[in-house]
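Enquirer: Got a file for you: query_26.cif, mmCIF, C-alpha atoms.
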```
data_start
#
loop_
_atom_site.label_atom_id
_atom_site.label_comp_id
_atom_site.auth_asym_id
_atom_site.auth_seq_id
_atom_site.Cartn_x
_atom_site.Cartn_y
_atom_site.Cartn_z
CA MET A 1 91.95 40.93 49.52
CA PRO A 2 94.86 40.04 47.15
CA ASN A 3 93.19 42.18 44.47
CA LYS A 4 93.05 45.15 46.86
CA GLN A 5 96.70 44.67 47.78
CA GLU A 6 97.68 44.47 44.12
CA GLN A 7 95.62 47.59 43.44
CA LEU A 8 97.43 49.43 46.23
CA GLU A 9 100.82 48.46 44.83
CA SER A 10 99.72 49.52 41.34
CA ILE A 11 98.59 52.93 42.65
CA LEU A 12 101.91 53.45 44.43
CA LYS A 13 103.90 52.48 41.34
CA GLY A 14 101.87 55.02 39.36
CA ILE A 15 102.65 57.74 41.89
CA GLY A 16 106.39 57.08 41.51
CA SER A 17 107.61 58.99 44.53
CA ALA A 18 105.87 60.31 47.64
CA ALA A 19 106.09 61.90 51.03
CA VAL A 20 104.06 59.63 53.32
CA ALA A 21 102.23 61.46 56.10
CA PHE A 22 103.12 59.21 59.03
CA SER A 23 101.52 58.97 62.48
CA ALA A 24 102.68 55.51 63.62
CA GLY A 25 99.04 54.36 63.58
CA VAL A 26 97.67 51.19 61.99
CA ASP A 27 96.85 52.71 58.60
CA SER A 28 99.80 55.01 58.02
CA THR A 29 102.27 52.34 59.19
CA TYR A 30 100.95 49.83 56.69
CA LEU A 31 100.86 52.46 53.93
CA LEU A 32 104.44 53.53 54.66
CA LYS A 33 105.74 49.95 54.76
CA THR A 34 104.04 49.11 51.45
CA ALA A 35 105.14 52.37 49.83
CA HIS A 36 108.74 51.73 50.87
CA ASP A 37 108.57 48.14 49.61
CA VAL A 38 107.29 49.37 46.24
CA LEU A 39 109.20 52.64 45.83
CA GLY A 40 112.28 52.23 48.02
CA ASP A 41 113.86 55.54 49.00
CA ASN A 42 111.40 57.33 46.73
CA ALA A 43 108.97 56.93 49.63
CA ARG A 44 109.89 59.17 52.55
CA ALA A 45 108.10 59.35 55.88
CA VAL A 46 107.09 62.77 57.20
CA ILE A 47 105.70 63.20 60.69
CA VAL A 48 104.40 66.48 62.06
CA LYS A 49 105.29 67.13 65.67
CA SER A 50 102.78 69.31 67.52
CA PRO A 51 101.03 69.72 70.90
CA LEU A 52 98.18 67.64 69.43
CA ILE A 53 100.25 64.47 69.21
CA PRO A 54 101.30 62.37 72.24
CA GLY A 55 105.05 62.12 72.58
CA ARG A 56 104.96 58.32 72.49
CA ASP A 57 103.65 58.46 68.90
CA ILE A 58 106.72 60.41 67.79
CA SER A 59 109.00 57.91 69.53
CA GLU A 60 107.20 54.95 67.94
CA ALA A 61 107.43 56.57 64.50
CA GLU A 62 111.16 57.17 64.85
CA LYS A 63 111.73 53.61 66.08
CA PHE A 64 109.74 52.06 63.22
CA CYS A 65 111.57 54.03 60.54
CA ALA A 66 114.95 53.19 62.05
CA GLU A 67 114.09 49.47 62.14
CA GLN A 68 112.79 49.49 58.55
CA GLY A 69 115.56 51.68 57.12
CA ILE A 70 113.06 54.31 56.02
CA LYS A 71 114.14 57.93 55.85
CA LEU A 72 112.08 60.12 58.18
CA ASN A 73 111.64 63.88 58.25
CA VAL A 74 110.14 65.45 61.38
CA ILE A 75 108.64 68.92 60.99
CA GLY A 76 107.12 71.13 63.65
CA TYR A 77 103.72 72.80 63.70
CA ASP A 78 101.97 74.74 66.46
CA PRO A 79 98.23 75.06 65.74
CA LEU A 80 97.78 77.17 68.87
CA GLY A 81 99.05 80.15 66.93
CA SER A 82 95.90 80.09 64.78
CA GLU A 83 92.73 81.57 66.26
CA ALA A 84 90.74 79.81 63.54
CA PHE A 85 91.82 76.58 65.23
CA THR A 86 91.85 77.52 68.93
CA ILE A 87 88.24 78.76 68.93
CA ASN A 88 87.45 75.11 68.19
CA PRO A 89 84.81 75.33 65.44
CA LYS A 90 83.11 72.25 63.99
CA ASP A 91 85.47 72.40 61.02
CA ARG A 92 88.50 72.45 63.35
CA CYS A 93 89.90 69.37 61.64
CA TYR A 94 89.72 71.09 58.25
CA VAL A 95 91.66 74.12 59.55
CA CYS A 96 94.33 71.91 61.09
CA LYS A 97 94.64 69.46 58.19
CA LYS A 98 94.95 72.30 55.68
CA ALA A 99 97.87 73.78 57.63
CA ILE A 100 99.59 70.47 58.35
CA PHE A 101 99.35 69.10 54.83
CA SER A 102 100.45 72.39 53.35
CA LEU A 103 103.65 71.97 55.37
CA ILE A 104 104.03 68.37 54.22
CA MET A 105 103.49 69.47 50.61
CA ASP A 106 106.29 72.03 51.06
CA GLU A 107 108.52 69.29 52.46
CA ALA A 108 107.71 67.02 49.50
CA ARG A 109 108.74 69.77 47.08
CA LYS A 110 112.03 70.26 48.93
CA LEU A 111 112.68 66.52 48.68
CA ASP A 112 111.71 66.49 44.99
CA LEU A 113 108.89 63.99 45.60
CA ASN A 114 105.89 63.85 43.28
CA THR A 115 103.08 64.00 45.79
CA VAL A 116 101.88 63.50 49.35
CA ILE A 117 100.00 60.38 50.41
CA GLU A 118 98.19 59.63 53.65
CA GLY A 119 96.39 56.80 55.43
CA THR A 120 92.65 57.40 55.10
CA ASN A 121 90.98 54.01 54.54
CA ALA A 122 87.72 52.96 52.89
CA ASP A 123 85.81 52.94 56.21
CA ASP A 124 86.67 56.55 57.01
CA VAL A 125 84.26 57.94 54.43
CA PHE A 126 81.38 56.94 56.73
CA ASP A 127 82.62 59.08 59.65
CA TYR A 128 82.43 62.86 60.13
CA ARG A 129 85.82 63.96 58.82
CA PRO A 130 85.92 67.59 57.68
CA GLY A 131 89.67 67.22 57.18
CA MET A 132 89.00 65.27 53.99
CA LYS A 133 88.03 68.53 52.31
CA ALA A 134 91.52 69.88 52.96
CA LEU A 135 93.10 66.76 51.48
CA ALA A 136 91.02 67.16 48.33
CA GLU A 137 91.90 70.85 48.00
CA LEU A 138 95.62 70.09 48.25
CA ASN A 139 95.48 67.04 45.94
CA VAL A 140 96.76 64.73 48.66
CA ARG A 141 96.30 61.08 47.68
CA SER A 142 94.77 58.38 49.90
CA PRO A 143 95.94 55.10 48.32
CA LEU A 144 94.37 52.81 50.94
CA LYS A 145 90.95 54.33 50.29
CA GLU A 146 91.51 54.29 46.53
CA ALA A 147 92.31 50.56 46.70
CA GLY A 148 89.16 49.90 48.75
CA LEU A 149 91.08 48.70 51.81
CA THR A 150 89.05 48.76 55.04
CA LYS A 151 90.43 48.92 58.57
CA ALA A 152 89.86 45.17 58.96
CA ASP A 153 91.75 44.53 55.70
CA ILE A 154 94.65 46.66 56.85
CA ARG A 155 94.87 44.93 60.23
CA GLU A 156 94.87 41.53 58.51
CA LEU A 157 97.53 42.51 55.99
CA SER A 158 99.61 44.18 58.70
CA GLN A 159 99.55 41.00 60.77
CA ALA A 160 100.63 38.98 57.73
CA GLU A 161 103.53 41.44 57.26
CA GLY A 162 104.54 41.01 60.89
CA LEU A 163 103.83 44.64 61.76
CA SER A 164 103.35 45.17 65.50
CA THR A 165 100.72 47.81 64.77
CA TRP A 166 98.26 45.25 63.37
CA ASP A 167 96.22 45.26 66.59
CA LYS A 168 97.12 48.75 67.78
CA PRO A 169 94.08 50.65 69.10
CA SER A 170 92.78 53.60 67.11
CA PHE A 171 93.76 57.05 68.32
CA ALA A 172 93.15 60.58 67.16
CA CYS A 173 94.66 63.98 67.88
CA LEU A 174 94.20 65.33 71.40
CA ALA A 175 91.94 68.16 70.23
CA THR A 176 89.20 65.60 69.60
CA ARG A 177 88.82 65.28 73.39
CA ILE A 178 87.57 68.87 73.69
CA PRO A 179 83.93 69.79 72.92
CA TYR A 180 83.43 72.07 69.94
CA GLY A 181 83.30 75.72 71.00
CA ASN A 182 85.54 75.21 74.05
CA THR A 183 88.83 77.06 73.55
CA ILE A 184 91.84 74.83 72.87
CA THR A 185 94.86 75.80 74.94
CA ALA A 186 98.29 74.33 75.59
CA GLU A 187 97.31 73.78 79.23
CA VAL A 188 94.21 71.74 78.34
CA LEU A 189 96.07 69.65 75.75
CA SER A 190 98.87 68.93 78.21
CA ARG A 191 96.38 67.89 80.88
CA ILE A 192 94.65 65.50 78.48
CA ASP A 193 97.98 64.05 77.37
CA LYS A 194 99.07 63.42 80.96
CA ALA A 195 95.71 61.88 81.85
CA GLU A 196 95.81 59.50 78.89
CA GLU A 197 99.42 58.56 79.60
CA PHE A 198 98.26 57.51 83.07
CA LEU A 199 95.59 55.24 81.57
CA TYR A 200 98.17 53.84 79.16
CA GLY A 201 100.38 53.07 82.12
CA LEU A 202 97.56 51.07 83.72
CA GLY A 203 97.51 48.80 80.68
CA ILE A 204 94.23 50.12 79.27
CA ARG A 205 94.29 49.54 75.51
CA GLN A 206 91.54 51.71 74.07
CA PHE A 207 90.68 54.98 75.80
CA ARG A 208 89.82 58.64 75.55
CA VAL A 209 89.81 61.33 78.24
CA ARG A 210 87.11 63.78 77.14
CA SER A 211 87.84 67.11 78.78
CA HIS A 212 84.83 69.18 79.90
CA GLY A 213 86.46 72.04 81.79
CA GLU A 214 87.05 70.77 85.34
CA LEU A 215 85.47 67.39 84.51
CA ALA A 216 87.37 64.47 82.97
CA ARG A 217 85.03 61.96 81.30
CA ILE A 218 86.88 58.70 80.75
CA GLU A 219 85.88 56.38 77.92
CA VAL A 220 87.23 52.83 77.89
CA LEU A 221 85.87 49.59 76.47
CA PRO A 222 83.22 48.05 78.80
CA GLU A 223 85.39 44.98 79.36
CA GLU A 224 88.05 47.25 80.88
CA PHE A 225 85.70 48.96 83.37
CA ALA A 226 86.80 46.48 86.04
CA VAL A 227 90.42 47.67 85.81
CA LEU A 228 89.49 51.25 86.65
CA ILE A 229 87.20 50.42 89.56
CA GLU A 230 89.75 48.28 91.41
CA GLU A 231 90.13 50.17 94.66
CA ASN A 232 93.84 50.94 94.47
CA LYS A 233 93.74 51.93 90.78
CA ARG A 234 90.58 53.99 91.18
CA THR A 235 92.12 55.88 94.08
CA ALA A 236 95.43 56.43 92.29
CA LEU A 237 93.65 57.58 89.14
CA THR A 238 91.39 60.12 90.85
CA GLU A 239 94.27 61.48 92.91
CA TYR A 240 96.44 61.90 89.83
CA PHE A 241 93.72 63.47 87.70
CA LYS A 242 93.02 66.00 90.45
CA LYS A 243 96.73 66.70 90.78
CA ILE A 244 96.98 67.66 87.10
CA GLY A 245 93.97 69.98 87.29
CA TYR A 246 90.67 68.10 87.07
CA LYS A 247 88.17 68.66 89.86
CA TYR A 248 85.82 65.85 88.90
CA VAL A 249 86.58 62.44 87.37
CA SER A 250 83.88 60.28 85.78
CA LEU A 251 83.67 56.97 83.92
CA ASP A 252 81.36 57.06 80.90
CA LEU A 253 79.19 53.94 81.26
CA THR A 254 78.41 53.91 77.55
CA GLY A 255 82.05 53.00 76.99
CA TYR A 256 84.55 54.02 74.34
CA ARG A 257 83.26 54.95 70.89
CA THR A 258 84.83 56.93 68.08
CA GLY A 259 83.54 60.40 67.36
CA SER A 260 81.51 60.76 70.56
CA MET A 261 82.23 64.49 70.49
CA ASN A 262 80.85 64.87 66.95
#
```
Just give me the structure of the file as structure tokens.

Expert:
Amino acid sequence: MPNKQEQLESILKGIGSAAVAFSAGVDSTYLLKTAHDVLGDNARAVIVKSPLIPGRDISEAEKFCAEQGIKLNVIGYDPLGSEAFTINPKDRCYVCKKAIFSLIMDEARKLDLNTVIEGTNADDVFDYRPGMKALAELNVRSPLKEAGLTKADIRELSQAEGLSTWDKPSFACLATRIPYGNTITAEVLSRIDKAEEFLYGLGIRQFRVRSHGELARIEVLPEEFAVLIEENKRTALTEYFKKIGYKYVSLDLTGYRTGSMN
């Protein structure tokens, strides 16, 4: 572990200055904190605000940067203006990442920063992630992956650093809740966001609301099933989900798992 941490710091020193693609998640938070420790103000956080990102993530990002004294740039992007994205092909993530990181690259140039870095870790290479192709095409660096740091490593190091994100559940953009081939619209994204905010308000830690037209398929960890089937919470949940536009509400008995739409 110390060798991996030293390797990460060495990579960052070699980069010299960077725009850090920030999402307020476990990986990007640790990368940003380390980059700022190593590079000071030559590491700038950049977060992309879009309909794909829950509002609470933007708020958490702004709060973290304010607390750490890290300069943050927020830029806007609306993927719904691109038919290549909204038709929801299997390489949707590639289309989106290419557009987003092109904007971040532009921002880095304006700030006179050498490159763009982001939080892919060593475990991510085993998942289906077409967005990695876009990162390679744009020469975006992934220092955590380059240093061999896994998600478990990053959580451990984050805890040692006192970062509140060390045990934060993994999340992904809201488009990942929609089956490939189903059109992505602002209405559907908003409905998913509201549904997941409701689950968050119930104290559920790890969740997804997979949106299949009029059906909401809820994924939570099996140990949290009991929360959702308590009579008052079950009733409140189904009433709310129907209020925001779902006709049917189901609990996936397999439980939460990453990439279940892949």

Enquirer: Can you work out the spacing between atom CA of Thr34 of chain A and atom CA of Pro54 of chain A in Å, to one decimal?

Expert: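 About the pair atom CA of Thr34 of chain A and atom CA of Pro54 of chain A: they are 24.8 Å apart.
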
Enquirer: Starting from the displayed file, determine the output of the PyMOL selection byres ((chain A and resi 9) around 9) and express the residue list as a ChimeraX atom specification.

Expert: /A:4-8,10-14,34-35,38,143,147

Enquirer: Measure the distance from atom CA of Thr150 of chain A to atom CA of Trp166 of chain A in Å and round it to one decimal.

Expert: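 So the answer is 12.9 Å.
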
Enquirer: Can you tell me, as a PDB file with C-alpha atoms, in the coordinates of the input, what residues are no more than 6 Å from Phe22 of chain A when counting all atoms listed in the file, ignoring any on the same chain fewer than 2 positions away?

Expert:
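What follows is the written file around.pdb:
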```pdb
ATOM      1  CA  VAL A  20     104.060  59.630  53.320  1.00  0.00           C
ATOM      2  CA  ALA A  24     102.680  55.510  63.620  1.00  0.00           C
ATOM      3  CA  SER A  28      99.800  55.010  58.020  1.00  0.00           C
ATOM      4  CA  ALA A  45     108.100  59.350  55.880  1.00  0.00           C
ATOM      5  CA  VAL A  46     107.090  62.770  57.200  1.00  0.00           C
ATOM      6  CA  ILE A  47     105.700  63.200  60.690  1.00  0.00           C
TER       7      ILE A  47
END
```

Enquirer: With distances taken over all atoms listed in the file, which of A:Lys63, A:Gly40, A:Ala21, A:Asp124 is nearest to Ile104 of chain A?

Expert: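 Result for the nearest residue to Ile104 of chain A: A:Ala21.
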
Enquirer: Could you check which of A:Leu251, A:Ala18, A:Val227, A:Val26 is closest to Asp153 of chain A, using all atoms listed in the file?

Expert: A:Val26

Enquirer: I'd like to see the residues matched by the PyMOL selection byres ((chain A and resi 113) around 7) on this file, and ideally I'd get them as a list in words.

Expert: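 This file gives the following for the PyMOL selection byres ((chain A and resi 113) around 7): Ser17, Ala18, Ala19, Ala108, Arg109, Leu111, Asp112, Asn114 and Thr115 of chain A.
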
Enquirer: Which is closest to Arg56 of chain A among A:Thr235, A:Ser23, A:Asn182, A:Thr165, if we use only C-alpha atoms?

Expert: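 Checking each candidate against Arg56 of chain A, we get A:Ser23 as the closest.
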